[in-house]
>>> print(open('final08.cif').read())   # mmCIF, C-alpha atoms
data_final
#
loop_
_atom_site.label_atom_id
_atom_site.label_comp_id
_atom_site.auth_asym_id
_atom_site.auth_seq_id
_atom_site.Cartn_x
_atom_site.Cartn_y
_atom_site.Cartn_z
CA MET U 6 -9.43 0.31 1.76
CA THR U 7 -5.82 0.20 2.90
CA ALA U 8 -2.59 0.35 0.94
CA SER U 9 -0.90 -2.64 -0.66
CA VAL U 10 1.09 -4.64 1.89
CA LEU U 11 4.38 -5.94 0.46
CA ILE U 12 5.99 -8.84 2.32
CA SER U 13 8.67 -11.50 1.86
CA LEU U 14 8.02 -15.19 1.23
CA PRO U 15 8.87 -16.29 4.82
CA ASP U 16 6.45 -13.70 6.20
CA ALA U 17 3.78 -14.79 3.73
CA LEU U 18 4.15 -18.45 4.71
CA ALA U 19 3.91 -17.55 8.38
CA ARG U 20 0.65 -15.66 7.82
CA LEU U 21 -0.85 -18.37 5.61
CA GLN U 22 -0.12 -21.10 8.15
CA ALA U 23 -2.87 -19.72 10.38
CA GLU U 24 -5.57 -19.71 7.67
CA PRO U 25 -8.35 -22.28 8.34
CA GLU U 26 -9.82 -21.94 4.81
CA LEU U 27 -6.99 -21.48 2.34
CA PHE U 28 -7.79 -21.93 -1.35
CA VAL U 29 -4.96 -21.65 -3.87
CA VAL U 30 -5.96 -20.47 -7.35
CA HIS U 31 -3.07 -20.65 -9.76
CA ASP U 32 -1.93 -20.38 -13.33
CA ARG U 33 -1.11 -23.88 -14.60
CA ASN U 34 2.32 -22.54 -15.57
CA ALA U 35 2.98 -21.82 -11.88
CA ALA U 36 2.21 -25.36 -10.73
CA TRP U 37 5.80 -25.82 -9.53
CA VAL U 38 5.39 -22.93 -7.10
CA VAL U 39 2.10 -24.36 -5.82
CA SER U 40 3.66 -27.79 -5.28
CA SER U 41 6.16 -26.34 -2.84
CA LEU U 42 3.42 -24.34 -1.07
CA MET U 43 1.22 -27.43 -0.71
CA GLU U 44 3.97 -29.15 1.26
CA SER U 45 4.00 -26.53 4.01
CA LEU U 46 0.55 -24.92 4.07
CA PRO U 47 -2.95 -26.08 5.14
CA VAL U 48 -4.47 -25.79 1.65
CA ARG U 49 -8.17 -26.72 1.51
CA ALA U 50 -8.16 -26.96 -2.30
CA SER U 51 -6.01 -26.02 -5.29
CA LEU U 52 -7.78 -24.66 -8.36
CA ALA U 53 -5.91 -24.37 -11.68
CA LEU U 54 -6.52 -21.74 -14.37
CA GLU U 55 -5.77 -21.56 -18.07
CA THR U 56 -4.67 -17.94 -18.36
CA SER U 57 -5.02 -15.79 -21.46
CA GLU U 58 -6.72 -12.52 -22.31
CA GLU U 59 -9.40 -14.58 -24.09
CA ALA U 60 -10.07 -16.53 -20.87
CA LYS U 61 -10.14 -13.39 -18.70
CA THR U 62 -13.93 -13.27 -18.70
CA MET U 63 -16.95 -13.50 -16.43
CA GLU U 64 -17.36 -17.12 -17.52
CA THR U 65 -14.00 -17.98 -15.92
CA VAL U 66 -14.92 -16.07 -12.76
CA LEU U 67 -18.28 -17.87 -12.53
CA ALA U 68 -16.52 -21.22 -12.93
CA LEU U 69 -14.25 -20.33 -9.99
CA GLU U 70 -17.24 -19.20 -7.93
CA ARG U 71 -18.95 -22.55 -8.51
CA GLN U 72 -15.83 -24.46 -7.51
CA LEU U 73 -15.62 -22.47 -4.29
CA LEU U 74 -19.28 -23.12 -3.58
CA GLU U 75 -18.85 -26.84 -4.19
CA ALA U 76 -15.84 -26.82 -1.83
CA ASP U 77 -18.00 -25.20 0.90
CA ALA U 78 -15.90 -22.03 1.03
CA THR U 79 -17.38 -19.64 3.59
CA ARG U 80 -16.96 -15.89 4.03
CA GLY U 81 -13.94 -16.70 6.18
CA ALA U 82 -12.02 -18.12 3.19
CA LEU U 83 -8.81 -16.66 1.84
CA LEU U 84 -8.02 -17.08 -1.87
CA LEU U 85 -4.31 -17.15 -2.68
CA ALA U 86 -3.55 -16.13 -6.26
CA VAL U 87 -0.33 -17.64 -7.63
CA GLY U 88 0.57 -16.52 -11.14
CA GLY U 89 0.77 -13.45 -13.33
CA GLY U 90 -1.43 -10.41 -13.73
CA ILE U 91 -4.33 -12.25 -15.37
CA THR U 92 -4.43 -14.64 -12.42
CA THR U 93 -4.33 -11.91 -9.79
CA ASP U 94 -7.00 -9.90 -11.65
CA LEU U 95 -9.31 -12.92 -11.94
CA VAL U 96 -8.80 -14.11 -8.37
CA GLY U 97 -9.21 -10.63 -6.94
CA PHE U 98 -12.48 -10.13 -8.78
CA THR U 99 -13.70 -13.58 -7.74
CA ALA U 100 -12.90 -12.70 -4.12
CA ALA U 101 -14.67 -9.34 -4.45
CA ILE U 102 -18.01 -10.86 -5.42
CA TYR U 103 -18.08 -14.34 -3.82
CA LYS U 104 -20.62 -14.16 -0.97
CA ARG U 105 -20.31 -10.35 -1.17
CA GLY U 106 -16.58 -10.49 -0.58
CA VAL U 107 -13.87 -12.71 0.82
CA ARG U 108 -10.18 -12.05 1.38
CA TYR U 109 -7.41 -12.78 -1.09
CA ALA U 110 -3.62 -12.47 -1.31
CA ASN U 111 -1.10 -12.61 -4.13
CA ILE U 112 2.12 -14.45 -4.85
CA PRO U 113 2.97 -13.04 -8.30
CA THR U 114 5.22 -15.16 -10.50
CA THR U 115 5.81 -12.67 -13.33
CA LEU U 116 7.70 -9.40 -13.29
CA LEU U 117 4.65 -7.53 -14.59
CA ALA U 118 2.54 -8.76 -11.69
CA MET U 119 5.25 -7.98 -9.13
CA VAL U 120 5.62 -4.35 -10.15
CA ASP U 121 2.07 -3.59 -11.25
CA ALA U 122 -0.85 -5.99 -11.67
CA ALA U 123 -0.72 -7.70 -8.26
CA LEU U 124 -0.61 -4.36 -6.43
CA GLY U 125 -3.25 -1.76 -5.76
CA GLY U 126 -6.48 -3.74 -5.61
CA LYS U 127 -7.67 -3.25 -9.19
CA THR U 128 -9.40 -6.47 -10.20
CA GLY U 129 -11.46 -7.32 -13.22
CA VAL U 130 -12.16 -9.13 -16.46
CA ASN U 131 -12.52 -8.22 -20.12
CA LEU U 132 -15.82 -7.70 -21.91
CA ASP U 133 -16.20 -8.32 -25.64
CA GLY U 134 -12.46 -7.85 -26.12
CA TYR U 135 -12.26 -4.56 -24.19
CA LYS U 136 -9.76 -4.59 -21.31
CA ASN U 137 -11.01 -4.82 -17.72
CA MET U 138 -14.46 -3.39 -18.42
CA LEU U 139 -15.93 -5.31 -15.47
CA GLY U 140 -14.18 -5.12 -12.13
CA ALA U 141 -13.94 -3.88 -8.59
CA PHE U 142 -11.47 -2.28 -6.24
CA ARG U 143 -10.54 -5.02 -3.76
CA MET U 144 -7.25 -4.72 -1.91
CA PRO U 145 -5.29 -7.94 -1.29
CA GLU U 146 -4.35 -8.88 2.26
CA PHE U 147 -0.76 -8.81 1.03
CA THR U 148 1.41 -9.26 -2.04
CA CYS U 149 4.50 -11.42 -1.63
CA LEU U 150 7.52 -10.25 -3.64
CA CYS U 151 9.62 -13.32 -4.39
CA PRO U 152 11.95 -12.81 -7.39
CA GLU U 153 12.93 -16.50 -7.21
CA THR U 154 9.60 -17.32 -8.88
CA LEU U 155 10.85 -15.62 -12.05
CA ARG U 156 13.33 -18.41 -12.80
CA THR U 157 11.03 -20.17 -15.29
CA LEU U 158 9.60 -16.99 -16.81
CA PRO U 159 10.12 -16.68 -20.60
CA GLU U 160 12.20 -13.70 -21.66
CA ARG U 161 9.34 -12.15 -23.61
CA GLU U 162 7.15 -12.14 -20.49
CA PHE U 163 10.00 -10.65 -18.47
CA LYS U 164 10.27 -7.81 -20.98
CA ALA U 165 6.53 -7.21 -20.65
CA GLY U 166 7.08 -6.61 -16.94
CA LEU U 167 10.09 -4.43 -17.65
CA ALA U 168 7.83 -2.10 -19.64
CA GLU U 169 5.59 -1.65 -16.58
CA MET U 170 8.60 -1.13 -14.33
CA LEU U 171 10.01 1.62 -16.56
CA LYS U 172 6.55 3.17 -16.79
CA THR U 173 6.46 3.46 -13.00
CA PHE U 174 9.84 5.16 -12.88
CA LEU U 175 8.88 7.46 -15.78
CA LEU U 176 5.90 8.80 -13.89
CA ALA U 177 7.54 9.15 -10.46
CA ASP U 178 11.35 9.11 -10.46
CA GLY U 179 13.47 10.22 -13.39
CA SER U 180 16.73 9.23 -11.68
CA LEU U 181 15.52 5.67 -11.09
CA TYR U 182 14.34 5.53 -14.69
CA ALA U 183 17.78 6.49 -16.01
CA GLU U 184 19.49 4.06 -13.62
CA ALA U 185 17.19 1.20 -14.65
CA VAL U 186 17.75 1.88 -18.35
CA ARG U 187 21.52 1.73 -17.82
CA PHE U 188 21.23 -1.48 -15.77
CA PHE U 189 18.99 -3.39 -18.20
CA THR U 190 20.89 -2.10 -21.24
CA ALA U 191 24.08 -3.54 -19.76
CA ALA U 192 22.30 -6.82 -18.93
CA GLN U 193 21.02 -7.00 -22.51
CA ARG U 194 24.50 -6.34 -23.86
CA ASP U 195 25.98 -9.01 -21.55
CA ARG U 196 23.43 -11.57 -22.79
CA ASP U 197 21.70 -11.63 -19.41
CA PRO U 198 18.51 -9.84 -20.54
CA MET U 199 16.47 -11.08 -17.56
CA ALA U 200 19.20 -10.03 -15.07
CA LYS U 201 19.26 -13.51 -13.54
CA SER U 202 23.01 -13.84 -13.07
CA ALA U 203 24.44 -13.76 -9.56
CA GLN U 204 25.98 -10.42 -10.41
CA ASN U 205 22.71 -8.85 -11.62
CA ALA U 206 20.15 -10.48 -9.31
CA PRO U 207 20.58 -7.96 -6.45
CA GLY U 208 20.05 -5.10 -8.90
CA LEU U 209 16.91 -6.75 -10.27
CA GLN U 210 15.51 -7.14 -6.76
CA LYS U 211 16.29 -3.50 -6.00
CA PHE U 212 14.33 -2.27 -9.01
CA ILE U 213 11.40 -4.63 -8.33
CA GLU U 214 11.12 -3.37 -4.75
CA ALA U 215 11.47 0.25 -5.85
CA ALA U 216 8.74 0.00 -8.51
CA ALA U 217 6.40 -1.91 -6.19
CA GLY U 218 7.02 0.62 -3.44
CA ILE U 219 6.20 3.56 -5.71
CA LYS U 220 2.92 1.99 -6.79
CA ALA U 221 2.00 1.09 -3.20
CA ARG U 222 2.62 4.69 -2.12
CA ILE U 223 0.51 6.14 -4.94
CA VAL U 224 -2.32 3.71 -4.21
CA ALA U 225 -2.22 4.56 -0.50
CA GLU U 226 -2.71 8.24 -1.37
CA ASP U 227 -5.54 7.62 -3.85
CA PRO U 228 -6.92 4.06 -3.48
CA GLN U 229 -9.91 4.40 -5.83
CA GLU U 230 -8.30 6.52 -8.55
CA HIS U 231 -10.01 9.82 -7.98
CA GLY U 232 -6.84 11.76 -8.78
CA GLU U 233 -3.11 11.00 -8.64
CA ARG U 234 -3.48 7.24 -9.06
CA ALA U 235 -4.64 7.80 -12.63
CA LYS U 236 -1.03 8.66 -13.46
CA LEU U 237 -0.28 4.93 -13.23
CA ASN U 238 -2.17 4.65 -16.53
CA LEU U 239 0.78 6.16 -18.42
CA GLY U 240 0.92 4.34 -21.76
CA HIS U 241 -2.23 2.35 -21.03
CA THR U 242 -4.82 4.43 -22.86
CA PHE U 243 -3.06 3.81 -26.16
CA GLY U 244 -1.75 0.42 -24.97
CA HIS U 245 -5.21 -1.01 -24.28
CA ALA U 246 -6.40 0.21 -27.68
CA ILE U 247 -3.41 -1.48 -29.34
CA GLU U 248 -4.19 -4.71 -27.45
CA HIS U 249 -7.82 -4.57 -28.54
CA GLU U 250 -6.85 -4.14 -32.18
CA ALA U 251 -4.29 -6.97 -31.90
CA ARG U 252 -6.93 -9.34 -30.52
CA ARG U 253 -9.39 -8.26 -33.21
CA GLN U 254 -6.84 -9.14 -35.87
CA GLY U 255 -5.62 -12.31 -34.15
CA ALA U 256 -2.12 -10.91 -33.60
CA ASP U 257 0.28 -12.06 -30.88
CA LEU U 258 1.02 -9.13 -28.56
CA THR U 259 1.66 -8.99 -24.81
CA HIS U 260 0.25 -6.35 -22.49
CA GLY U 261 3.73 -5.03 -21.72
CA GLU U 262 4.61 -4.72 -25.39
CA ALA U 263 1.42 -2.72 -25.96
CA VAL U 264 2.22 -0.50 -22.96
CA ALA U 265 5.73 0.19 -24.29
CA MET U 266 4.24 1.27 -27.62
CA GLY U 267 1.58 3.25 -25.78
CA ILE U 268 4.20 5.17 -23.79
CA ILE U 269 5.88 6.26 -27.02
CA LEU U 270 2.53 7.41 -28.44
CA ALA U 271 1.88 9.29 -25.19
CA ALA U 272 5.29 10.96 -25.46
CA GLU U 273 4.58 11.97 -29.05
CA LEU U 274 1.20 13.36 -27.98
CA SER U 275 2.93 15.23 -25.14
CA GLU U 276 5.22 16.92 -27.65
CA ARG U 277 2.31 17.76 -29.97
CA GLN U 278 0.39 19.32 -27.07
CA GLY U 279 3.40 21.38 -26.04
CA VAL U 280 3.68 19.60 -22.69
CA ALA U 281 7.08 18.05 -23.44
CA GLN U 282 10.03 19.46 -25.30
CA LYS U 283 10.83 18.06 -28.73
CA GLY U 284 13.04 15.02 -28.54
CA LEU U 285 11.43 13.23 -25.58
CA ALA U 286 9.78 10.55 -27.71
CA ALA U 287 13.04 9.94 -29.58
CA GLN U 288 14.90 9.59 -26.27
CA LEU U 289 12.40 7.07 -24.95
CA LYS U 290 12.49 5.13 -28.21
CA ALA U 291 16.26 4.83 -27.93
CA ASP U 292 16.03 3.77 -24.28
CA PHE U 293 13.35 1.15 -24.91
CA THR U 294 15.19 -0.24 -27.92
CA ALA U 295 18.37 -0.56 -25.85
CA VAL U 296 16.65 -2.71 -23.22
CA GLY U 297 14.84 -4.84 -25.80
CA LEU U 298 11.34 -3.32 -25.84
CA PRO U 299 9.26 -2.58 -28.96
CA THR U 300 8.42 1.04 -29.71
CA GLU U 301 6.33 1.16 -32.89
CA SER U 302 2.62 0.40 -32.86
CA PRO U 303 1.73 -1.98 -35.73
CA TYR U 304 -1.54 -0.05 -36.12
CA PRO U 305 -2.06 3.59 -37.08
CA VAL U 306 -3.83 5.69 -34.46
CA ALA U 307 -6.81 6.04 -36.80
CA ASP U 308 -7.43 2.30 -36.37
CA LEU U 309 -7.43 2.65 -32.56
CA LEU U 310 -10.09 5.34 -32.26
CA GLU U 311 -13.06 3.10 -31.45
CA ALA U 312 -11.18 1.42 -28.61
CA LEU U 313 -9.99 4.81 -27.35
CA ARG U 314 -13.56 6.10 -27.38
CA LYS U 315 -14.69 3.13 -25.26
CA ASP U 316 -11.77 3.30 -22.84
CA LYS U 317 -12.69 3.19 -19.12
CA LYS U 318 -11.12 6.62 -18.76
CA ALA U 319 -13.46 8.14 -21.35
CA ALA U 320 -15.42 11.15 -20.12
CA ALA U 321 -18.40 13.09 -21.39
CA GLY U 322 -18.06 15.00 -24.62
CA GLY U 323 -15.85 12.48 -26.39
CA LYS U 324 -12.84 13.18 -24.19
CA VAL U 325 -10.36 10.81 -22.57
CA LYS U 326 -8.08 11.40 -19.60
CA PHE U 327 -4.56 11.02 -21.03
CA VAL U 328 -1.35 10.81 -18.99
CA LEU U 329 1.18 13.11 -20.65
CA LEU U 330 4.92 13.35 -19.98
CA ARG U 331 6.69 16.62 -19.25
CA ALA U 332 9.97 14.74 -18.69
CA PRO U 333 11.06 11.41 -17.12
CA GLY U 334 9.65 11.47 -13.59
CA ASP U 335 7.15 14.25 -14.31
CA VAL U 336 3.69 13.56 -15.75
CA VAL U 337 0.40 15.43 -15.95
CA LEU U 338 -3.23 14.39 -16.49
CA GLN U 339 -5.16 16.06 -19.30
CA GLU U 340 -8.61 15.47 -20.73
CA LEU U 341 -8.36 15.60 -24.50
CA PRO U 342 -10.54 14.50 -27.43
CA TYR U 343 -10.07 10.79 -28.05
CA ASP U 344 -8.91 11.57 -31.60
CA CYS U 345 -6.43 14.26 -30.50
CA HIS U 346 -3.43 12.33 -31.79
CA LEU U 347 -4.66 12.90 -35.32
CA HIS U 348 -4.40 16.66 -35.01
CA THR U 349 -1.55 19.07 -34.36
CA LYS U 350 -1.94 21.80 -31.81
#
>>> encode(input="final08.cif", output="structure tokens")
Amino acid sequence: MTASVLISLPDALARLQAEPELFVVHDRNAAWVVSSLMESLPVRASLALETSEEAKTMETVLALERQLLEADATRGALLLAVGGGITTDLVGFTAAIYKRGVRYANIPTTLLAMVDAALGGKTGVNLDGYKNMLGAFRMPEFTCLCPETLRTLPEREFKAGLAEMLKTFLLADGSLYAEAVRFFTAAQRDRDPMAKSAQNAPGLQKFIEAAAGIKARIVAEDPQEHGERAKLNLGHTFGHAIEHEARRQGADLTHGEAVAMGIILAAELSERQGVAQKGLAAQLKADFTAVGLPTESPYPVADLLEALRKDKKAAAGGKVKFVLLRAPGDVVLQELPYDCHLHTK
């Protein structure tokens, strides 16, 4: 299992030209990207997905598997995922189990997918409302970073990706975190919250490439999450529990919004455990607010306990592996009781 390969669009097109069995699986919202690809690539078939957390299930994967079977896809096929994180997760898992494994590659069209979901080979689907309970490690052949595909992305989805980008900097590079907060705060103030202006676009690309590079490096060092890679889960233990509760109550909440809230809860837990100095959570709240991210979970931690107990990172004895912050750019893994946030140290 090799590291994530990050390439440009021209390089991706050159590699795809030589594929004899190229199947494009895409989010319907990314149809405009697929149309341009179909003009220049030898696409055997194009399969469209309705993407939502509710549709991120084994039923959707099995439907894709049947379509591939009907299209006579062999073990030499390559599946090209075009869309956001749900698309890349679904396509990667489909590739992992179709005929015991075929290749796939990603052209992410959301910021969240570019800096997180389309990298690292984690694939999977939800089970009974619990995030990514079924899945496999399956590394993509490559992930193409093409910020131009963000031009039709809604602002709310962009902010979801921004939460993942800041998470990456928080766990690995405090200087980049501070620089990104200043950059996106200024963009927000200048009414360019998605940094799409000609003036801001180079900065946006810089931060995308930096975040993707950090994740690729961490994955290369620990591809199957036996150690350091688990730090990429900063904010996700609480975030997934918040998402589960939101779905249970029929509330509208994006993954990135839940992660932003989860990072704040992790910072508060870090202070309570004596890992971080007092004031870290308040600093992060101010930073996130300045760039347009939510910070307050709509649900008390007591309502999240069942989801925390069933988290993939749960261990024996009712403990969960939490990612705690010492400071921006410095995190530590600790196994703690799943209800530890309810108690002071």
>>> resolve_selection(input="final08.cif", expression="the PyMOL selection byres ((chain U and resi 278) around 10)", output="PyMOL selection string")
chain U and resi 272-277+279-282+329+341+345-346+348-350
>>> resolve_selection(input="final08.cif", expression="the PyMOL selection byres ((chain U and resi 95) around 9)", output="mmCIF file with C-alpha atoms, in the frame of the given file")
data_model
loop_
_atom_site.group_PDB
_atom_site.id
_atom_site.type_symbol
_atom_site.label_atom_id
_atom_site.label_comp_id
_atom_site.auth_asym_id
_atom_site.auth_seq_id
_atom_site.Cartn_x
_atom_site.Cartn_y
_atom_site.Cartn_z
ATOM 1 C CA LYS U 61 -10.140 -13.390 -18.700
ATOM 2 C CA THR U 62 -13.930 -13.270 -18.700
ATOM 3 C CA MET U 63 -16.950 -13.500 -16.430
ATOM 4 C CA THR U 65 -14.000 -17.980 -15.920
ATOM 5 C CA VAL U 66 -14.920 -16.070 -12.760
ATOM 6 C CA ALA U 86 -3.550 -16.130 -6.260
ATOM 7 C CA GLY U 90 -1.430 -10.410 -13.730
ATOM 8 C CA ILE U 91 -4.330 -12.250 -15.370
ATOM 9 C CA THR U 92 -4.430 -14.640 -12.420
ATOM 10 C CA THR U 93 -4.330 -11.910 -9.790
ATOM 11 C CA ASP U 94 -7.000 -9.900 -11.650
ATOM 12 C CA VAL U 96 -8.800 -14.110 -8.370
ATOM 13 C CA GLY U 97 -9.210 -10.630 -6.940
ATOM 14 C CA PHE U 98 -12.480 -10.130 -8.780
ATOM 15 C CA THR U 99 -13.700 -13.580 -7.740
ATOM 16 C CA ALA U 100 -12.900 -12.700 -4.120
ATOM 17 C CA THR U 128 -9.400 -6.470 -10.200
ATOM 18 C CA GLY U 129 -11.460 -7.320 -13.220
ATOM 19 C CA VAL U 130 -12.160 -9.130 -16.460
#
>>> resolve_selection(input="final08.cif", expression="the PyMOL selection byres ((chain U and resi 244) around 8)", output="PyMOL selection string")
chain U and resi 240-243+245-248+260+263-268
>>> residues_around(input="final08.cif", residues="stretch 209-226 of chain U", least_positions_apart="6", cutoff="10 Å", atoms="all atoms listed in the file", output="MDAnalysis selection string")
chainID U and resid 6:11 116:126 148 150:153 166:167 169:174 176:178 181:182 184:185 188:189 199:202 232:237
>>> residues_around(input="final08.cif", residues="U:Ala23", least_positions_apart="5", cutoff="12 Å", atoms="only C-alpha atoms", output="number ranges by chain")
U: 16-18, 45-48, 82-83
>>> closest_residue(input="final08.cif", among="U:Ser302, U:Ser40, U:Asn111, U:Ser51", to="U:Cys149", atoms="only C-alpha atoms")
U:Asn111
>>> atom_distance(input="final08.cif", atom1="atom CA of U:Glu162", atom2="atom CA of U:Thr115")
7.3 Å
>>> closest_residue(input="final08.cif", among="U:Thr154, U:Ser13, U:Asn137, U:Thr56", to="U:Val39", atoms="only C-alpha atoms")
U:Thr154
>>> closest_residue(input="final08.cif", among="U:Asp308, U:Asp316, U:Asp292, U:Glu55", to="U:Pro333", atoms="all atoms listed in the file")
U:Asp292
>>> closest_residue(input="final08.cif", among="U:Tyr109, U:Phe28, U:Phe142, U:Phe327", to="U:Arg49", atoms="only C-alpha atoms")
U:Phe28
>>> build_atoms(input="final08.cif", residues="stretch 283-302 of chain U", atoms="N, CA and C atoms", output="PDB file, in the coordinates of the input")
ATOM      1  N   LYS U 283      10.530  18.936 -27.603  1.00  0.00           N
ATOM      2  CA  LYS U 283      10.830  18.060 -28.730  1.00  0.00           C
ATOM      3  C   LYS U 283      12.043  17.194 -28.407  1.00  0.00           C
ATOM      4  N   GLY U 284      11.934  15.943 -28.762  1.00  0.00           N
ATOM      5  CA  GLY U 284      13.040  15.020 -28.540  1.00  0.00           C
ATOM      6  C   GLY U 284      12.764  13.990 -27.461  1.00  0.00           C
ATOM      7  N   LEU U 285      11.718  14.189 -26.650  1.00  0.00           N
ATOM      8  CA  LEU U 285      11.430  13.230 -25.580  1.00  0.00           C
ATOM      9  C   LEU U 285      11.070  11.863 -26.144  1.00  0.00           C
ATOM     10  N   ALA U 286      10.191  11.838 -27.138  1.00  0.00           N
ATOM     11  CA  ALA U 286       9.780  10.550 -27.710  1.00  0.00           C
ATOM     12  C   ALA U 286      10.977   9.821 -28.317  1.00  0.00           C
ATOM     13  N   ALA U 287      11.844  10.555 -28.983  1.00  0.00           N
ATOM     14  CA  ALA U 287      13.040   9.940 -29.580  1.00  0.00           C
ATOM     15  C   ALA U 287      13.945   9.366 -28.494  1.00  0.00           C
ATOM     16  N   GLN U 288      14.082  10.088 -27.378  1.00  0.00           N
ATOM     17  CA  GLN U 288      14.900   9.590 -26.270  1.00  0.00           C
ATOM     18  C   GLN U 288      14.332   8.292 -25.712  1.00  0.00           C
ATOM     19  N   LEU U 289      13.020   8.270 -25.501  1.00  0.00           N
ATOM     20  CA  LEU U 289      12.400   7.070 -24.950  1.00  0.00           C
ATOM     21  C   LEU U 289      12.480   5.899 -25.927  1.00  0.00           C
ATOM     22  N   LYS U 290      12.339   6.190 -27.214  1.00  0.00           N
ATOM     23  CA  LYS U 290      12.490   5.130 -28.210  1.00  0.00           C
ATOM     24  C   LYS U 290      13.877   4.507 -28.134  1.00  0.00           C
ATOM     25  N   ALA U 291      14.890   5.342 -28.021  1.00  0.00           N
ATOM     26  CA  ALA U 291      16.260   4.830 -27.930  1.00  0.00           C
ATOM     27  C   ALA U 291      16.449   4.013 -26.665  1.00  0.00           C
ATOM     28  N   ASP U 292      15.914   4.490 -25.543  1.00  0.00           N
ATOM     29  CA  ASP U 292      16.030   3.770 -24.280  1.00  0.00           C
ATOM     30  C   ASP U 292      15.347   2.403 -24.361  1.00  0.00           C
ATOM     31  N   PHE U 293      14.116   2.397 -24.853  1.00  0.00           N
ATOM     32  CA  PHE U 293      13.350   1.150 -24.910  1.00  0.00           C
ATOM     33  C   PHE U 293      14.014   0.152 -25.854  1.00  0.00           C
ATOM     34  N   THR U 294      14.502   0.647 -26.974  1.00  0.00           N
ATOM     35  CA  THR U 294      15.190  -0.240 -27.920  1.00  0.00           C
ATOM     36  C   THR U 294      16.423  -0.867 -27.270  1.00  0.00           C
ATOM     37  N   ALA U 295      17.141  -0.075 -26.495  1.00  0.00           N
ATOM     38  CA  ALA U 295      18.370  -0.560 -25.850  1.00  0.00           C
ATOM     39  C   ALA U 295      18.104  -1.676 -24.849  1.00  0.00           C
ATOM     40  N   VAL U 296      16.947  -1.657 -24.201  1.00  0.00           N
ATOM     41  CA  VAL U 296      16.650  -2.710 -23.220  1.00  0.00           C
ATOM     42  C   VAL U 296      15.822  -3.839 -23.820  1.00  0.00           C
ATOM     43  N   GLY U 297      15.520  -3.742 -25.113  1.00  0.00           N
ATOM     44  CA  GLY U 297      14.840  -4.840 -25.800  1.00  0.00           C
ATOM     45  C   GLY U 297      13.332  -4.735 -25.851  1.00  0.00           C
ATOM     46  N   LEU U 298      12.790  -3.511 -25.773  1.00  0.00           N
ATOM     47  CA  LEU U 298      11.340  -3.320 -25.840  1.00  0.00           C
ATOM     48  C   LEU U 298      10.929  -2.760 -27.200  1.00  0.00           C
ATOM     49  N   PRO U 299       9.747  -3.135 -27.684  1.00  0.00           N
ATOM     50  CA  PRO U 299       9.260  -2.580 -28.960  1.00  0.00           C
ATOM     51  C   PRO U 299       8.793  -1.152 -28.763  1.00  0.00           C
ATOM     52  N   THR U 300       8.809  -0.378 -29.815  1.00  0.00           N
ATOM     53  CA  THR U 300       8.420   1.040 -29.710  1.00  0.00           C
ATOM     54  C   THR U 300       7.391   1.469 -30.738  1.00  0.00           C
ATOM     55  N   GLU U 301       7.208   0.719 -31.806  1.00  0.00           N
ATOM     56  CA  GLU U 301       6.330   1.160 -32.890  1.00  0.00           C
ATOM     57  C   GLU U 301       5.035   0.367 -32.889  1.00  0.00           C
ATOM     58  N   SER U 302       3.914   1.063 -32.766  1.00  0.00           N
ATOM     59  CA  SER U 302       2.620   0.400 -32.860  1.00  0.00           C
ATOM     60  C   SER U 302       2.433  -0.163 -34.267  1.00  0.00           C
TER      61      SER U 302
END
